[in-house]
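Input: a single structure, listed below in structure tokens.
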2 protein chains.
Amino acid sequence: MEHLLSKRITNQRSSRIRELLRVTEQPGMLSMAGGLPAPATFPTELLAAAFARATTRQGPTGPVAWQYGPTEGTARLRQQVAAEHAMPLEQVLVTTGSQQSLDLLARVLCDDGDVIAVEHPTYLGALQAFHLAGATVIGVPGDECGLDTAALEAELRRGLRPKAVYVVVNFHNPTGTTLSADRRRHLVQLADRYDFLVIEDDPYGALRFAGVAPASMGGPAAPVVRLGTASKVLAPGLRVGWMSGPQPVIAAAVRAKQAVDLHTSSVAQLIVAEARAEVAAFGAHLDAARAHYAAQAASLADAVQRHLPGATFARADGGMFLWVDLGVPTEPLLAAAVDRGVAFVPGEAFSAPGADPATVATRARLSFATLTPCELDEATSRLAAAIAAGG
Amino acid sequence: MEHLLSKRITNQRSSRIRELLRVTEQPGMLSMAGGLPAPATFPTELLAAAFARATTRQGPTGPVAWQYGPTEGTARLRQQVAAEHAMPLEQVLVTTGSQQSLDLLARVLCDDGDVIAVEHPTYLGALQAFHLAGATVIGVPGDECGLDTAALEAELRRGLRPKAVYVVVNFHNPTGTTLSADRRRHLVQLADRYDFLVIEDDPYGALRFAGVAPASMGGPAAPVVRLGTASKVLAPGLRVGWMSGPQPVIAAAVRAKQAVDLHTSSVAQLIVAEARAEVAAFGAHLDAARAHYAAQAASLADAVQRHLPGATFARADGGMFLWVDLGVPTEPLLAAAVDRGVAFVPGEAFSAPGADPATVATRARLSFATLTPCELDEATSRLAAAIAAGG
């Protein structure tokens, strides 16, 4: 049956993170490799109460939670997103998680060979979605202030003509950086001048526990599609995300989504809407989640400084990851680390096509989300032992 | 921003059913146009109890309902489907409704221009999914026994080389026909001989209230992908479906789904699995749903015979629709019908590319699912008046 498969899927390889996660399910493994949020932050009582309210909602065609709904999303959740993004309702679409937002955008923007530019390194799931949709992905370097918009401008002057530029704006996965306000302005100027769309992905922004967030680039007339998700602020198992952007792009994404899955789970959408509508309880939950991640981030940073004095990294103001330069190539280190019962994701896994993999070769993405402080200390100690054994 | 859109989305038009459904939301409209199941059949208590159990399930990474899960689907639901389809677990994938199964299959099978053959007329959502994925769709005639496999064989002999042939096997949407056992055997023989995959879509099979179902074409070694869904037997708002088929096809669909939405809503999957696991309660619910639809189908059939004595149709053994030949062109009739407060879907809406639209020109798809018996009588009376006024 392999011979019946399309070229586009034959060329799609399974993600390295995915293969890694299989290995890290072994008992005793201390994994800093995953991208899972801390289950301790899931507001299970808030979610159960939200379900109870969700199932009382009646629409003209029956219970809203159980009946087919509009492709654009359940009115209640769309209205919340429209208010939060300061966008008209018709410029908002609910999706089956941000991963679907990326797939829909790639499909409505790109015919085979059209270009999407991404920061190097970048979120692996974005690379997968863009490739599957037939887009050509080009990496542009970044630094501690996020995507290097001057480097992007130089590429544009040399003739690069992307349909879209993809950035994770706050607590970038994997680098943890936040795109600076100056660069955000510059990027929007470039989008206007060179006629591309900015895809502003922001799964982690609400998990800021220090510092001040630069403003979103989105707005009713901006050349920007802004992505949000319930995955990191409520629970990823819901698979509920959303996007807002220029009306023609959103309308096209609605048409595509109609063919792709009709609409996102009504009951999951309503759980999100009802949970967010409990403003005090939702706010208290977010505060608790931020405090949890702040403590976790400090624990891992302290452990890295203790056990890996040669490593360099920036302390996190939010998100779930430290992007640590271990000073040795991390791809060859992984097997030895796994042998010692610790897992991480080597920098190379996030490398964007066309970019220099050497810039990420000694990096490791360490998640501080799910291990306890004691486990983070032990995991880092094992990592140090693996490096020492290999050095 | 329109100029940034891909050709594939620019060529995708919004569904006529969708536009129709907008019109039919007017107050006082009696709509037989929609494809919504009867909300009276939603087992709300069973679903609430299933949610309560679902949220107690703990996995190695936290609460299964709320945490990220495997792309293949939650183990509990996959195991149920594997047992029902008599397939190995690794040949089963949970999807975000059958609509996503169609999208994934088109994407893993078809590069631009590859052919999928469909019965004419056919399910509109399938046409949309196949077109968006770049497939070329070819219609093959059907009759009261379903897809005309002799006509298909003639096309294959003339050189047609489809990647897949798509059939709705039980209570076809819109025609209501069930593919006969002989033709099922013939279709699988053709698939083996001409090297294509059969896509066996079966959303309505569990809603059979009369007659005996021919066996599924699926099986561990069959060239068949079998689609199922919770939409018609539990609730469509869950957006949970599944498919089973040849291992390389399912593995490819898993790789695509990873890029498309990571996985289907965990909480929705678990609600389905827990509800189905309550065997007695789930069985009683299905019996009640079948009895409900049997009475509804009889009400509509009686009303059509009463008010439209010139119309011809087959009584339904299941599903949600009658496919009525009104003896006049139904596309021009629709506006007059809507003016009189009744809606239906004209046969032309389901026309497959390359097939003869004349064969569906006088047909109307009438849903008996959601109106009360009195409303079905009144709706049919209005339809008769619209025909009389136009004749």
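Naming scheme: A, B, ... for chains in displayed order of the structure tokens; residues 1 onward per chain; ligands 1 onward as shown.
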At a cut-off of 6 Å, can you tabulate as a tab-separated table every residue of chain A near chain B together with its closest atom pair and the distance in Å to one decimal, using only C-alpha atoms and ordering rows by chain then number?
```
residue	atom	partner	partner_atom	distance
A:Glu2	CA	B:Pro248	CA	5.9
A:Leu5	CA	B:Leu109	CA	4.6
A:Ser6	CA	B:Leu109	CA	4.7
A:Ile9	CA	B:Val108	CA	5.4
A:Pro39	CA	B:Gly62	CA	5.3
A:Gly62	CA	B:Pro39	CA	5.3
A:Ala65	CA	B:Gly237	CA	5.9
A:Trp66	CA	B:Gly237	CA	4.1
A:Gln67	CA	B:Gly237	CA	4.5
A:Tyr68	CA	B:Gly237	CA	4.9
A:Gln99	CA	B:Asp261	CA	5.0
A:Gln100	CA	B:Asp261	CA	4.8
A:Asp103	CA	B:Val260	CA	5.6
A:Val108	CA	B:Ser6	CA	5.3
A:Leu109	CA	B:Leu5	CA	4.6
A:Cys110	CA	B:Ser6	CA	5.0
A:Asp111	CA	B:Ser6	CA	5.3
A:Gln128	CA	B:Ala259	CA	5.3
A:Ala129	CA	B:Ala259	CA	4.6
A:Ala235	CA	B:Trp66	CA	5.1
A:Pro236	CA	B:Tyr68	CA	5.4
A:Gly237	CA	B:Trp66	CA	4.1
A:Leu238	CA	B:Ser265	CA	5.0
A:Arg239	CA	B:Ser265	CA	5.0
A:Pro248	CA	B:Glu2	CA	5.9
A:Ala259	CA	B:Ala129	CA	4.7
A:Val260	CA	B:Gln100	CA	5.4
A:Asp261	CA	B:Gln100	CA	4.8
A:Ser265	CA	B:Leu238	CA	5.0
A:Ser266	CA	B:Gly237	CA	4.7
```
query: Near segment 317-328 of chain A, counting only C-alpha atoms, which residues have an atom at most 7 Å away, once you skip same-chain residues fewer than 3 positions from it, shown as a PyMOL selection string?
result: chain A and resi 171+174-176+204+207-211+311-313+362-369
Could you please take those selected residues and save C-alpha atoms as an mmCIF file, in the first residue's frame?
```cif
data_model
loop_
_atom_site.group_PDB
_atom_site.id
_atom_site.type_symbol
_atom_site.label_atom_id
_atom_site.label_comp_id
_atom_site.auth_asym_id
_atom_site.auth_seq_id
_atom_site.Cartn_x
_atom_site.Cartn_y
_atom_site.Cartn_z
ATOM 1 C CA PHE A 171 9.001 32.887 25.420
ATOM 2 C CA PRO A 174 12.807 26.549 22.007
ATOM 3 C CA THR A 175 14.872 29.701 22.711
ATOM 4 C CA GLY A 176 12.716 31.338 25.383
ATOM 5 C CA TYR A 204 2.963 31.188 26.372
ATOM 6 C CA LEU A 207 2.446 32.542 31.572
ATOM 7 C CA ARG A 208 4.708 35.593 32.047
ATOM 8 C CA PHE A 209 5.898 35.663 35.655
ATOM 9 C CA ALA A 210 8.413 38.515 35.389
ATOM 10 C CA GLY A 211 8.967 41.577 33.218
ATOM 11 C CA ALA A 311 26.797 26.245 30.686
ATOM 12 C CA THR A 312 25.367 29.568 29.554
ATOM 13 C CA PHE A 313 21.696 30.502 29.349
ATOM 14 C CA THR A 362 25.653 22.974 21.437
ATOM 15 C CA ARG A 363 22.195 23.954 22.670
ATOM 16 C CA ALA A 364 19.735 21.878 24.654
ATOM 17 C CA ARG A 365 16.082 22.710 25.298
ATOM 18 C CA LEU A 366 15.344 21.876 28.916
ATOM 19 C CA SER A 367 11.728 21.926 30.080
ATOM 20 C CA PHE A 368 11.196 22.989 33.680
ATOM 21 C CA ALA A 369 7.450 22.330 33.510
#
```
>> Can you tell me, as a list of chain:residue names, which residues in segment 132-216 of chain B count as strand (DSSP E or B) by DSSP?
In response: B:Thr136, B:Val137, B:Ile138, B:Gly139, B:Val140, B:Pro141, B:Gly142, B:Asp143, B:Gly146, B:Leu147, B:Ala164, B:Val165, B:Tyr166, B:Val167, B:Val168, B:Leu197, B:Val198, B:Ile199, B:Glu200, B:Asp201
Name all residues at most 10 Å from Gly205 of chain B (count only C-alpha atoms; drop same-chain ones fewer than 6 positions away) and give them as an mmCIF file with N, CA and C atoms, in the first residue's frame.
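Output saved as around-v9.cif:
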```cif
data_model
loop_
_atom_site.group_PDB
_atom_site.id
_atom_site.type_symbol
_atom_site.label_atom_id
_atom_site.label_comp_id
_atom_site.auth_asym_id
_atom_site.auth_seq_id
_atom_site.Cartn_x
_atom_site.Cartn_y
_atom_site.Cartn_z
ATOM 1 N N VAL B 168 -20.449 5.881 0.602
ATOM 2 C CA VAL B 168 -21.190 5.864 1.869
ATOM 3 C C VAL B 168 -22.034 4.601 1.810
ATOM 4 N N VAL B 169 -21.698 3.609 2.634
ATOM 5 C CA VAL B 169 -22.201 2.259 2.374
ATOM 6 C C VAL B 169 -23.605 1.994 2.899
ATOM 7 N N ASN B 170 -23.976 2.646 3.997
ATOM 8 C CA ASN B 170 -25.300 2.400 4.572
ATOM 9 C C ASN B 170 -26.083 3.708 4.656
ATOM 10 N N PHE B 171 -27.310 3.726 4.043
ATOM 11 C CA PHE B 171 -28.152 4.919 4.121
ATOM 12 C C PHE B 171 -27.388 6.137 3.629
ATOM 13 N N HIS B 172 -26.975 5.996 2.403
ATOM 14 C CA HIS B 172 -26.161 7.001 1.720
ATOM 15 C C HIS B 172 -26.758 8.395 1.860
ATOM 16 N N THR B 178 -28.326 1.622 0.367
ATOM 17 C CA THR B 178 -27.299 0.796 1.010
ATOM 18 C C THR B 178 -26.619 -0.037 -0.073
ATOM 19 N N ALA B 213 -28.049 -5.445 7.689
ATOM 20 C CA ALA B 213 -26.908 -4.776 7.073
ATOM 21 C C ALA B 213 -25.998 -5.783 6.388
ATOM 22 N N SER B 216 -19.443 -5.173 6.492
ATOM 23 C CA SER B 216 -18.432 -4.185 6.100
ATOM 24 C C SER B 216 -17.418 -4.819 5.156
ATOM 25 N N GLY B 228 -15.763 5.532 10.870
ATOM 26 C CA GLY B 228 -16.882 5.578 11.805
ATOM 27 C C GLY B 228 -16.883 6.898 12.549
ATOM 28 N N LYS B 232 -23.439 10.520 14.980
ATOM 29 C CA LYS B 232 -24.835 10.149 14.827
ATOM 30 C C LYS B 232 -25.310 9.216 15.943
ATOM 31 N N VAL B 233 -24.380 8.569 16.646
ATOM 32 C CA VAL B 233 -24.794 7.633 17.699
ATOM 33 C C VAL B 233 -24.652 8.220 19.104
ATOM 34 N N GLY B 318 -33.194 3.285 7.546
ATOM 35 C CA GLY B 318 -32.271 3.867 8.511
ATOM 36 C C GLY B 318 -31.823 5.230 8.026
ATOM 37 N N GLY B 319 -30.852 5.800 8.723
ATOM 38 C CA GLY B 319 -30.330 7.100 8.325
ATOM 39 C C GLY B 319 -31.260 8.233 8.719
#
```
Pick from A:Leu179, A:Ala86, A:Leu160, A:Val342, whichever lies nearest to Glu144 of chain A using only C-alpha atoms
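Looking at the shortest contact to Glu144 of chain A, the residue is A:Leu179.
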Next on the checklist: I need the residues in segment 67-307 of chain B that are alpha helix (DSSP H) according to DSSP; give them as a ChimeraX atom specification.
Outcome noted: /B:75-85,98-109,124-132,149-157,181-194,247-260,266-277,279-307
Pairwise distance, atom CA of Thr372 of chain B with atom CA of Ala303 of chain B, equals 11.8 Å
What is the atom CA of Glu200 of chain A-atom CA of Thr41 of chain A distance in Å, reported with one decimal?
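Those two atoms sit 24.9 Å apart.
For the choices B:Thr56, B:Ile271, B:Gly341, B:Ile199, the atom-to-atom distance to Glu375 of chain B is smallest for B:Gly341 when using only C-alpha atoms.
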>> I need the residue nearest Pro332 of chain B from this list: B:Asp302, B:Glu45, B:Asp182, B:Glu348. Use only C-alpha atoms for the distance.
In response: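 Of B:Asp302, B:Glu45, B:Asp182, B:Glu348, the one nearest Pro332 of chain B, counting only C-alpha atoms, is B:Glu348.
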One number please: atom CA of Leu46 of chain A to atom CA of Leu77 of chain A, in Å, one decimal.
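Here the two named atoms are 16.3 Å from each other.
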Min atom-atom distance to Gln91 of chain B from the set B:Arg53, B:Ala251, B:Gly218, B:Val165, counting only C-alpha atoms, belongs to B:Ala251
Inset, instruction - Excluding segment 350-358 of chain B and residues on its chain fewer than 5 positions from it, collect all residues at most 8 Å away from it, counting only C-alpha atoms, and give them as a PyMOL selection string. - result: chain B and resi 118-124+127+137-141+174
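Between Ala83 of chain A and the candidates A:Gly219, A:Gly241, A:Pro346, A:Gly390, the tightest atom-to-atom separation, counting only C-alpha atoms, involves A:Gly219.
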